[in-house]
Structure formats: C-alpha cells, structure tokens
>>> print(open('work-v3.txt').read())   # compact mmCIF, C-alpha atoms
# COMPACT_ATOMS: atom_id res chain seq x y z
CA MET A 1240 -14.19 18.71 11.24
CA GLN A 1241 -12.55 16.86 14.09
CA SER A 1242 -14.84 15.43 16.76
CA LYS A 1243 -13.52 14.87 20.26
CA ASN A 1244 -14.84 11.34 20.00
CA SER A 1245 -13.33 10.49 16.60
CA GLU A 1246 -9.88 9.29 15.67
CA PRO A 1247 -7.51 12.01 14.37
CA THR A 1248 -7.22 10.21 11.04
CA ALA A 1249 -8.37 11.01 7.51
CA ALA A 1250 -11.13 8.41 7.85
CA GLY A 1251 -12.21 9.85 11.21
CA GLN A 1252 -12.31 13.36 9.79
CA LEU A 1253 -14.34 12.25 6.76
CA GLU A 1254 -17.00 10.74 9.01
CA VAL A 1255 -17.32 14.02 10.91
CA VAL A 1256 -17.40 16.01 7.65
CA LYS A 1257 -20.23 13.82 6.35
CA LYS A 1258 -22.35 14.77 9.35
CA THR A 1259 -21.33 18.42 9.00
CA CYS A 1260 -22.33 18.50 5.35
CA GLU A 1261 -25.86 17.29 6.13
CA TYR A 1262 -26.43 20.60 7.93
CA ILE A 1263 -24.77 22.60 5.16
CA ALA A 1264 -26.91 20.87 2.53
CA ASP A 1265 -30.03 21.81 4.51
CA ILE A 1266 -28.97 25.47 4.41
CA SER A 1267 -28.61 25.24 0.63
CA THR A 1268 -31.96 23.44 0.34
CA ASN A 1269 -33.59 26.34 2.18
CA GLY A 1270 -32.68 28.62 -0.71
CA HIS A 1271 -29.46 30.21 0.53
CA GLU A 1272 -26.52 30.75 -1.81
CA ILE A 1273 -23.46 29.77 0.19
CA ALA A 1274 -19.69 29.69 0.15
CA ILE A 1275 -17.66 27.68 2.65
CA VAL A 1276 -14.51 28.52 4.59
CA HIS A 1277 -13.01 25.90 6.91
CA GLY A 1278 -10.29 25.82 9.52
CA ASN A 1279 -7.19 23.63 9.54
CA GLY A 1280 -5.66 24.10 13.00
CA PRO A 1281 -5.20 20.44 13.95
CA GLN A 1282 -4.65 19.25 10.37
CA VAL A 1283 -1.89 21.64 9.27
CA GLY A 1284 -0.09 21.04 12.55
CA ARG A 1285 -0.18 17.29 12.00
CA ILE A 1286 1.00 17.63 8.40
CA LEU A 1287 3.90 19.78 9.57
CA LEU A 1288 4.70 17.40 12.43
CA ALA A 1289 4.71 14.41 10.07
CA SER A 1290 6.91 16.26 7.60
CA GLU A 1291 9.41 17.33 10.24
CA THR A 1292 9.47 13.86 11.81
CA ALA A 1293 10.30 12.27 8.45
CA LYS A 1294 12.98 14.83 7.53
CA ASP A 1295 15.73 12.17 7.55
CA VAL A 1296 13.81 10.18 4.94
CA THR A 1297 12.37 12.93 2.74
CA PRO A 1298 12.83 16.73 2.85
CA ALA A 1299 10.44 18.56 5.18
CA MET A 1300 7.86 20.77 3.46
CA PRO A 1301 7.76 24.52 4.26
CA PHE A 1302 4.85 25.80 6.29
CA ASP A 1303 2.98 27.47 3.40
CA VAL A 1304 3.11 24.20 1.42
CA CYS A 1305 1.70 22.34 4.42
CA GLY A 1306 -1.15 24.87 4.50
CA ALA A 1307 -1.81 24.26 0.80
CA MET A 1308 -1.83 20.51 1.41
CA SER A 1309 -4.40 20.91 4.18
CA GLN A 1310 -6.60 23.04 1.89
CA GLY A 1311 -6.52 20.32 -0.72
CA TYR A 1312 -7.42 17.32 1.36
CA ILE A 1313 -9.96 19.05 3.61
CA GLY A 1314 -11.60 20.60 0.56
CA TYR A 1315 -11.69 17.17 -1.08
CA HIS A 1316 -13.47 15.70 1.94
CA ILE A 1317 -16.04 18.52 2.01
CA GLN A 1318 -16.61 18.27 -1.76
CA GLN A 1319 -17.21 14.54 -1.55
CA ALA A 1320 -19.50 14.68 1.48
CA LEU A 1321 -21.46 17.79 0.48
CA LYS A 1322 -22.05 16.62 -3.08
CA TYR A 1323 -23.52 13.38 -1.71
CA ALA A 1324 -25.67 15.23 0.84
CA LEU A 1325 -27.01 17.52 -1.89
CA SER A 1326 -27.72 14.63 -4.26
CA LYS A 1327 -29.87 12.98 -1.57
CA ARG A 1328 -31.95 16.17 -1.66
CA ASN A 1329 -32.18 16.08 -5.48
CA MET A 1330 -29.95 19.15 -5.80
CA ASN A 1331 -27.40 19.02 -8.60
CA ILE A 1332 -25.06 21.83 -7.58
CA PRO A 1333 -21.32 21.71 -8.39
CA VAL A 1334 -19.10 21.80 -5.29
CA LEU A 1335 -15.45 22.71 -5.78
CA THR A 1336 -12.37 23.84 -3.91
CA VAL A 1337 -10.22 26.80 -4.89
CA ALA A 1338 -6.63 26.71 -3.64
CA THR A 1339 -6.65 30.20 -2.19
CA GLN A 1340 -3.70 32.48 -1.55
CA ILE A 1341 -4.18 35.47 0.74
CA ALA A 1342 -1.76 38.37 0.75
CA VAL A 1343 -0.46 39.58 4.13
CA ASP A 1344 1.85 42.42 5.08
CA LYS A 1345 5.41 41.16 5.45
CA ASP A 1346 5.88 43.72 8.25
CA ASP A 1347 2.78 42.60 10.17
CA ARG A 1348 3.62 42.65 13.89
CA ALA A 1349 2.13 39.16 14.24
CA PHE A 1350 5.40 37.73 12.92
CA GLN A 1351 7.09 38.98 16.12
CA ASN A 1352 4.33 37.64 18.38
CA PRO A 1353 3.08 34.15 17.41
CA THR A 1354 -0.42 33.45 18.78
CA LYS A 1355 -2.22 31.03 16.44
CA PRO A 1356 -2.56 27.48 17.88
CA ILE A 1357 -1.88 24.56 15.53
CA GLY A 1358 -1.50 20.81 15.90
CA PRO A 1359 -2.38 18.54 18.82
CA PHE A 1360 -2.71 19.37 22.52
CA TYR A 1361 0.14 18.68 24.96
CA THR A 1362 0.61 18.71 28.71
CA GLU A 1363 2.61 21.60 30.14
CA GLU A 1364 5.57 19.27 30.70
CA GLU A 1365 5.47 18.07 27.08
CA ALA A 1366 5.16 21.66 25.86
CA LYS A 1367 8.23 22.81 27.78
CA LEU A 1368 10.20 19.90 26.37
CA LEU A 1369 9.21 20.83 22.80
CA GLU A 1370 10.25 24.43 23.42
CA THR A 1371 13.67 23.24 24.57
CA GLU A 1372 14.25 20.49 22.01
CA LYS A 1373 12.61 21.91 18.88
CA GLY A 1374 12.44 25.64 19.54
CA TYR A 1375 8.65 25.71 19.17
CA ASN A 1376 6.59 28.56 20.61
CA MET A 1377 4.09 26.91 22.97
CA LYS A 1378 1.11 28.48 24.75
CA GLU A 1379 -1.80 27.30 26.87
CA ASP A 1380 -4.99 27.22 24.75
CA ALA A 1381 -8.17 28.34 26.54
CA GLY A 1382 -7.83 25.84 29.40
CA ARG A 1383 -7.71 22.86 27.03
CA GLY A 1384 -3.97 22.16 27.10
CA TRP A 1385 -0.79 23.44 25.48
CA ARG A 1386 -0.30 23.82 21.72
CA ARG A 1387 2.30 25.09 19.31
CA VAL A 1388 1.62 28.65 18.14
CA VAL A 1389 2.68 30.39 14.94
CA ALA A 1390 2.28 33.90 13.52
CA SER A 1391 -1.24 34.93 12.51
CA PRO A 1392 -1.06 38.03 10.29
CA ILE A 1393 -4.13 39.99 9.18
CA PRO A 1394 -5.44 39.01 5.71
CA ARG A 1395 -5.19 41.91 3.24
CA LYS A 1396 -6.25 40.55 -0.15
CA ILE A 1397 -7.72 37.34 -1.56
CA ILE A 1398 -5.63 36.63 -4.65
CA GLU A 1399 -8.25 34.39 -6.33
CA ILE A 1400 -11.27 36.58 -5.50
CA GLU A 1401 -12.29 37.17 -9.13
CA ALA A 1402 -12.48 33.43 -9.79
CA ILE A 1403 -14.55 32.94 -6.63
CA ARG A 1404 -16.96 35.69 -7.71
CA ASP A 1405 -17.28 34.18 -11.19
CA LEU A 1406 -18.20 30.81 -9.69
CA TRP A 1407 -20.67 32.18 -7.12
CA ASP A 1408 -23.88 31.93 -9.16
CA SER A 1409 -23.29 28.39 -10.42
CA SER A 1410 -21.43 26.54 -7.65
CA ILE A 1411 -20.77 26.12 -3.96
CA VAL A 1412 -17.16 27.22 -3.59
CA ILE A 1413 -14.87 26.09 -0.79
CA SER A 1414 -12.14 28.72 -0.48
CA CYS A 1415 -9.78 30.45 1.94
CA GLY A 1416 -9.35 27.09 3.69
CA GLY A 1417 -7.46 27.33 6.96
CA GLY A 1418 -7.52 31.11 6.53
CA GLY A 1419 -5.85 30.87 3.13
CA ILE A 1420 -2.25 30.23 2.10
CA PRO A 1421 -0.37 33.28 3.43
CA VAL A 1422 1.77 35.02 0.82
CA VAL A 1423 3.50 38.36 0.47
CA GLU A 1424 3.54 40.34 -2.77
CA ASN A 1425 7.02 41.22 -3.99
CA MET A 1426 7.90 44.42 -5.84
CA ASP A 1427 8.16 42.49 -9.13
CA GLY A 1428 4.60 41.17 -8.75
CA THR A 1429 5.56 37.65 -7.69
CA LEU A 1430 4.01 35.95 -4.67
CA GLU A 1431 6.04 34.31 -1.93
CA GLY A 1432 4.68 31.96 0.74
CA VAL A 1433 5.39 32.75 4.40
CA ALA A 1434 5.36 30.65 7.59
CA ALA A 1435 2.08 31.63 9.21
CA VAL A 1436 -1.58 30.69 9.66
CA ILE A 1437 -4.20 33.32 8.94
CA ASP A 1438 -7.17 33.18 11.30
CA LYS A 1439 -10.07 31.60 9.38
CA ASP A 1440 -12.56 33.98 11.02
CA PHE A 1441 -10.79 37.03 9.60
CA ALA A 1442 -10.42 35.30 6.24
CA VAL A 1443 -14.13 34.45 6.00
CA GLU A 1444 -15.00 38.03 6.96
CA LEU A 1445 -12.82 39.36 4.15
CA LEU A 1446 -14.46 36.93 1.74
CA ALA A 1447 -17.95 37.94 2.92
CA GLU A 1448 -17.07 41.58 2.28
CA GLN A 1449 -15.64 40.95 -1.16
CA VAL A 1450 -18.55 38.85 -2.44
CA GLU A 1451 -20.99 41.27 -0.75
CA ALA A 1452 -22.69 38.50 1.20
CA ASP A 1453 -25.94 39.25 3.00
CA THR A 1454 -24.98 37.24 6.07
CA LEU A 1455 -21.70 36.23 7.66
CA MET A 1456 -22.26 33.07 9.69
CA ILE A 1457 -19.50 31.71 11.90
CA LEU A 1458 -20.19 28.16 13.09
CA THR A 1459 -18.53 26.93 16.27
CA GLU A 1460 -19.17 24.51 19.14
CA VAL A 1461 -21.59 26.67 21.13
CA GLU A 1462 -25.11 27.82 20.33
CA LYS A 1463 -24.54 31.37 21.57
CA VAL A 1464 -21.75 33.69 22.57
CA ALA A 1465 -21.60 34.07 26.36
CA VAL A 1466 -20.08 36.33 28.96
CA ASN A 1467 -18.68 34.92 32.20
CA TRP A 1468 -18.14 31.69 30.27
CA GLY A 1469 -18.11 28.56 32.42
CA LYS A 1470 -19.02 30.42 35.60
CA SER A 1471 -22.16 30.23 37.71
CA ASN A 1472 -23.25 33.61 36.34
CA GLN A 1473 -22.70 32.72 32.67
CA GLN A 1474 -25.01 34.74 30.43
CA ASN A 1475 -25.78 33.75 26.85
CA ILE A 1476 -26.22 36.62 24.42
CA ASP A 1477 -29.00 36.83 21.80
CA LYS A 1478 -28.03 40.17 20.25
CA MET A 1479 -24.83 42.14 20.71
CA SER A 1480 -24.24 45.64 19.37
CA LEU A 1481 -20.82 46.92 18.39
CA GLN A 1482 -20.79 49.01 21.55
CA ASP A 1483 -21.62 45.98 23.69
CA ALA A 1484 -18.94 43.91 21.95
CA VAL A 1485 -16.27 46.55 22.56
CA GLN A 1486 -17.17 46.61 26.26
CA TYR A 1487 -17.04 42.81 26.57
CA ILE A 1488 -13.66 42.70 24.81
CA GLU A 1489 -12.28 45.35 27.16
CA GLU A 1490 -13.49 43.21 30.08
CA GLY A 1491 -11.60 40.22 28.65
CA GLN A 1492 -14.78 38.16 28.21
CA PHE A 1493 -13.67 36.35 25.05
CA ALA A 1494 -10.68 34.02 24.90
CA PRO A 1495 -7.93 34.84 22.35
CA GLY A 1496 -7.63 32.12 19.73
CA SER A 1497 -11.16 30.97 20.55
CA MET A 1498 -14.22 33.27 20.69
CA LEU A 1499 -12.37 36.60 20.41
CA PRO A 1500 -11.49 36.41 16.70
CA LYS A 1501 -15.03 35.28 15.88
CA VAL A 1502 -16.53 38.30 17.62
CA GLU A 1503 -13.94 40.65 16.09
CA ALA A 1504 -14.64 39.29 12.59
CA ALA A 1505 -18.40 39.71 13.07
CA MET A 1506 -17.83 43.26 14.30
CA LYS A 1507 -15.78 44.13 11.23
CA PHE A 1508 -18.48 42.82 8.89
CA VAL A 1509 -21.36 44.79 10.41
CA ARG A 1510 -19.15 47.86 10.70
CA THR A 1511 -18.58 47.63 6.93
CA TYR A 1512 -22.21 46.70 6.18
CA PRO A 1513 -24.39 48.19 8.97
CA ASN A 1514 -27.60 46.79 7.46
CA LYS A 1515 -26.38 43.20 7.12
CA LYS A 1516 -26.15 40.35 9.62
CA ALA A 1517 -23.33 38.54 11.37
CA ILE A 1518 -24.27 35.44 13.33
CA ILE A 1519 -22.27 33.17 15.63
CA THR A 1520 -23.82 29.83 16.50
CA SER A 1521 -23.32 26.06 16.46
CA LEU A 1522 -23.54 23.91 13.33
CA ASP A 1523 -26.69 22.09 14.40
CA LYS A 1524 -28.48 25.40 15.05
CA ALA A 1525 -27.46 27.09 11.79
CA ILE A 1526 -30.89 27.10 10.12
CA ASP A 1527 -32.66 28.21 13.29
CA ALA A 1528 -30.12 31.02 13.66
CA LEU A 1529 -30.68 32.16 10.06
CA GLU A 1530 -34.39 32.38 10.92
CA GLY A 1531 -33.65 34.45 14.03
CA LYS A 1532 -34.62 31.73 16.49
CA THR A 1533 -31.25 31.27 18.21
CA GLY A 1534 -27.55 32.09 17.94
CA THR A 1535 -25.90 35.42 18.68
CA GLU A 1536 -26.51 38.18 16.16
CA ILE A 1537 -23.97 40.99 16.09
CA THR A 1538 -25.56 44.29 15.06
CA PHE A 1539 -24.24 47.74 14.21
CA ALA A 1540 -26.28 49.40 16.94
>>> encode(input="work-v3.txt", output="structure tokens")
Amino acid sequence: MQSKNSEPTAAGQLEVVKKTCEYIADISTNGHEIAIVHGNGPQVGRILLASETAKDVTPAMPFDVCGAMSQGYIGYHIQQALKYALSKRNMNIPVLTVATQIAVDKDDRAFQNPTKPIGPFYTEEEAKLLETEKGYNMKEDAGRGWRRVVASPIPRKIIEIEAIRDLWDSSIVISCGGGGIPVVENMDGTLEGVAAVIDKDFAVELLAEQVEADTLMILTEVEKVAVNWGKSNQQNIDKMSLQDAVQYIEEGQFAPGSMLPKVEAAMKFVRTYPNKKAIITSLDKAIDALEGKTGTEITFA
C-alpha cells in the first residue's frame, strides 16, 4: 500500500492501492471468493506520530484508537479502488470494511518484549535520539533502517467473526486490518483496547482458519521465499514442507518482522488443515501462484 517511489500521503497511498486492487479484482474475476486483510505498519505509526506531535493543540489519541483510525481510512481506500476495478470487469460485488477487534491475552509475553516495527525509518543516530527524548523502543529493521517497535501479542479471537462469516457469500470483506484492533476481555465481558500491533500475518491466518478458507495467500514484495537471502548462494523455494520450514527457521534464514511471521503463519494454517494450501508470493504473481506456476507453497509434508 505504500510504494517506495510514492509520497507517504493519503493521495500517494490511494494511487498505490488502485494498482493493487487491479490484481485483486483479477483474482475475483477468476472465480475465487476472497476476503482481504491489510497491514498498517507505516500508517498507524504516522497517525500516532501526528497525534503525539499535536498534543499541545489537541489531546493525543491512545494507540488502539490510532489502529482503529488506520483500519478505517485504509479500508476506505481499498473499498473505493476495488469497487471501481470490479466495475470495469462488469462485476457488481459489494466491498465493505469491518472495524475488527481481536482479543489478545493481557499476560502475553510480547508486552515485555516489543518487536513490531511501526512508522517511518530513521538513521541509527535519529533512533538513539528518539529513545532518549521520547522513551521509544527502537530497533534495526532487516537492514532497511531503524524503526519504533511496539508489543505484538498473538491473536486469540476475532470478535466480529460471525458478522464476517455472514457476509462471506455476498461480499468482499476487508477485515482484521493492521492485524486487528487489539483488545483484552475483562471478567465482566467488556472489551478494553491495549497499546499493541498484532502481526497481520497471524491475524489473516486466524481469519483463514475461522472462515475455513481453501487457500491462505500472503502477498509480499518477493515472488518466492528464499534461503541465504541477498547472498551469492540465494536459493528460491518452490515448495516447503513443515519439516523444511522448521529447519530453515532454526538456521535463522527468515528475518523477524519480515519473512519469519509470514512463514510461521503459513505453517500454522497447513498444520491445522493438512490438505489445504498456504502460498507466499508477490502481488503481481498472485494468479500464477494460485495456478501453481510460481510462488512458494507451504505444505504439511
């Protein structure tokens, strides 16, 4: 949703989303029933940064509210762009966004070890200054620069799952945006937002399980998962069994916060549904990957 060559503005994002939705519309045209989950890493960080910067003018919004705001405006952009792309293909399918809360465990150890990158990239010098001045947790992100990190608890339950299931047969539903709005369930049955970002890959896996999807497809920047990434002996992977994936993870082949959660989510799906497919590929290769022509397919055995 945010191209390296586009401006980090709402208008810039919408232009990227329009191109993205052309591919998604083609998947729908090919007869697949789909649901969409999107990330929000840069967007929620920018919303939070803007809110904190303007705190002397208007009260800063809590983190869960910023996550909800990102769900709303990203979902709006996808709705607008995808509906237009479908209409060009003479497909009159409703596209809608569900503001989705996801329950997490309040005692999840992730709250003691923030790892999820959000917001823009910084130099190491800038990152150290932010740690000192604002108390942010900053970490280097897969060789791309330094970013603020927050807790990333495991998703336990999609609060709005029944509504999503009810809409499945008639609509394309955008849900669990940014991994969902993280909430904890209190003893009295109320829900309370918490300061965290749930990994979108784990959220989409949970959704795929709970709607009993035939295929979990995780779209990223690369056509295939690779080992020895960026080295002279890089090897792209066509098929990867659970056993292979465990070995590669033990070898440290997949970067945390980047490819690792995607592989782990795919593993969880095929472990739950051994006869179904999990695919990791790039957006422009999505249809070819669904037809078995490219991408990395994660299999039970």
>>> closest_residue(input="work-v3.txt", among="A:Met1479, A:Ala1494, A:Asp1523, A:Pro1392", to="A:Ala1540", atoms="only C-alpha atoms")
A:Met1479
>>> axis_aligned_box(input="work-v3.txt", around="stretch 1454-1472 of chain A", padding_each_side="8 Å", output="AutoDock Vina command-line options")
--center_x -21.6 --center_y 30.9 --center_z 21.9 --size_x 23.0 --size_y 28.7 --size_z 47.6
>>> closest_residue(input="work-v3.txt", among="A:Phe1441, A:Phe1493, A:Tyr1487, A:Tyr1315", to="A:Phe1508", atoms="all atoms listed in the file")
A:Phe1441
>>> residues_near_point(input="work-v3.txt", point="(-16.4, 23.9, 10.0)", cutoff="12 Å", atoms="only C-alpha atoms", output="VMD selection string")
chain A and resid 1240 to 1242 1252 1255 to 1260 1262 to 1263 1274 to 1280 1313 to 1314 1316 to 1317 1413 1416 to 1418 1439 to 1440 1443 1456 to 1460 1520 to 1523 1525
>>> atom_distance(input="work-v3.txt", atom1="atom CA of A:Ala1434", atom2="atom CA of A:Gly1306")
9.2 Å
>>> residues_around(input="work-v3.txt", residues="A:Val1466", least_positions_apart="2", cutoff="12 Å", atoms="all atoms listed in the file", output="number ranges by chain")
A: 1463-1464, 1468-1477, 1479, 1483-1484, 1486-1488, 1490-1494, 1498-1499, 1535
>>> atom_distance(input="work-v3.txt", atom1="atom CA of A:Ala1349", atom2="atom CA of A:Ala1402")
28.7 Å
>>> residues_around(input="work-v3.txt", residues="A:Thr1339", least_positions_apart="4", cutoff="9 Å", atoms="all atoms listed in the file", output="list of chain:residue names")
A:Ala1307, A:Gln1310, A:Ile1397, A:Ile1398, A:Glu1399, A:Ile1400, A:Ser1414, A:Cys1415, A:Gly1416, A:Gly1418, A:Gly1419, A:Ile1420, A:Pro1421
>>> residues_around(input="work-v3.txt", residues="stretch 1281-1293 of chain A", least_positions_apart="4", cutoff="10 Å", atoms="all atoms listed in the file", output="number ranges by chain")
A: 1240-1241, 1247-1249, 1252, 1297-1310, 1312-1313, 1356-1360, 1386-1388, 1417, 1436
>>> atom_distance(input="work-v3.txt", atom1="atom CA of A:Asp1427", atom2="atom CA of A:Ile1393")
22.2 Å
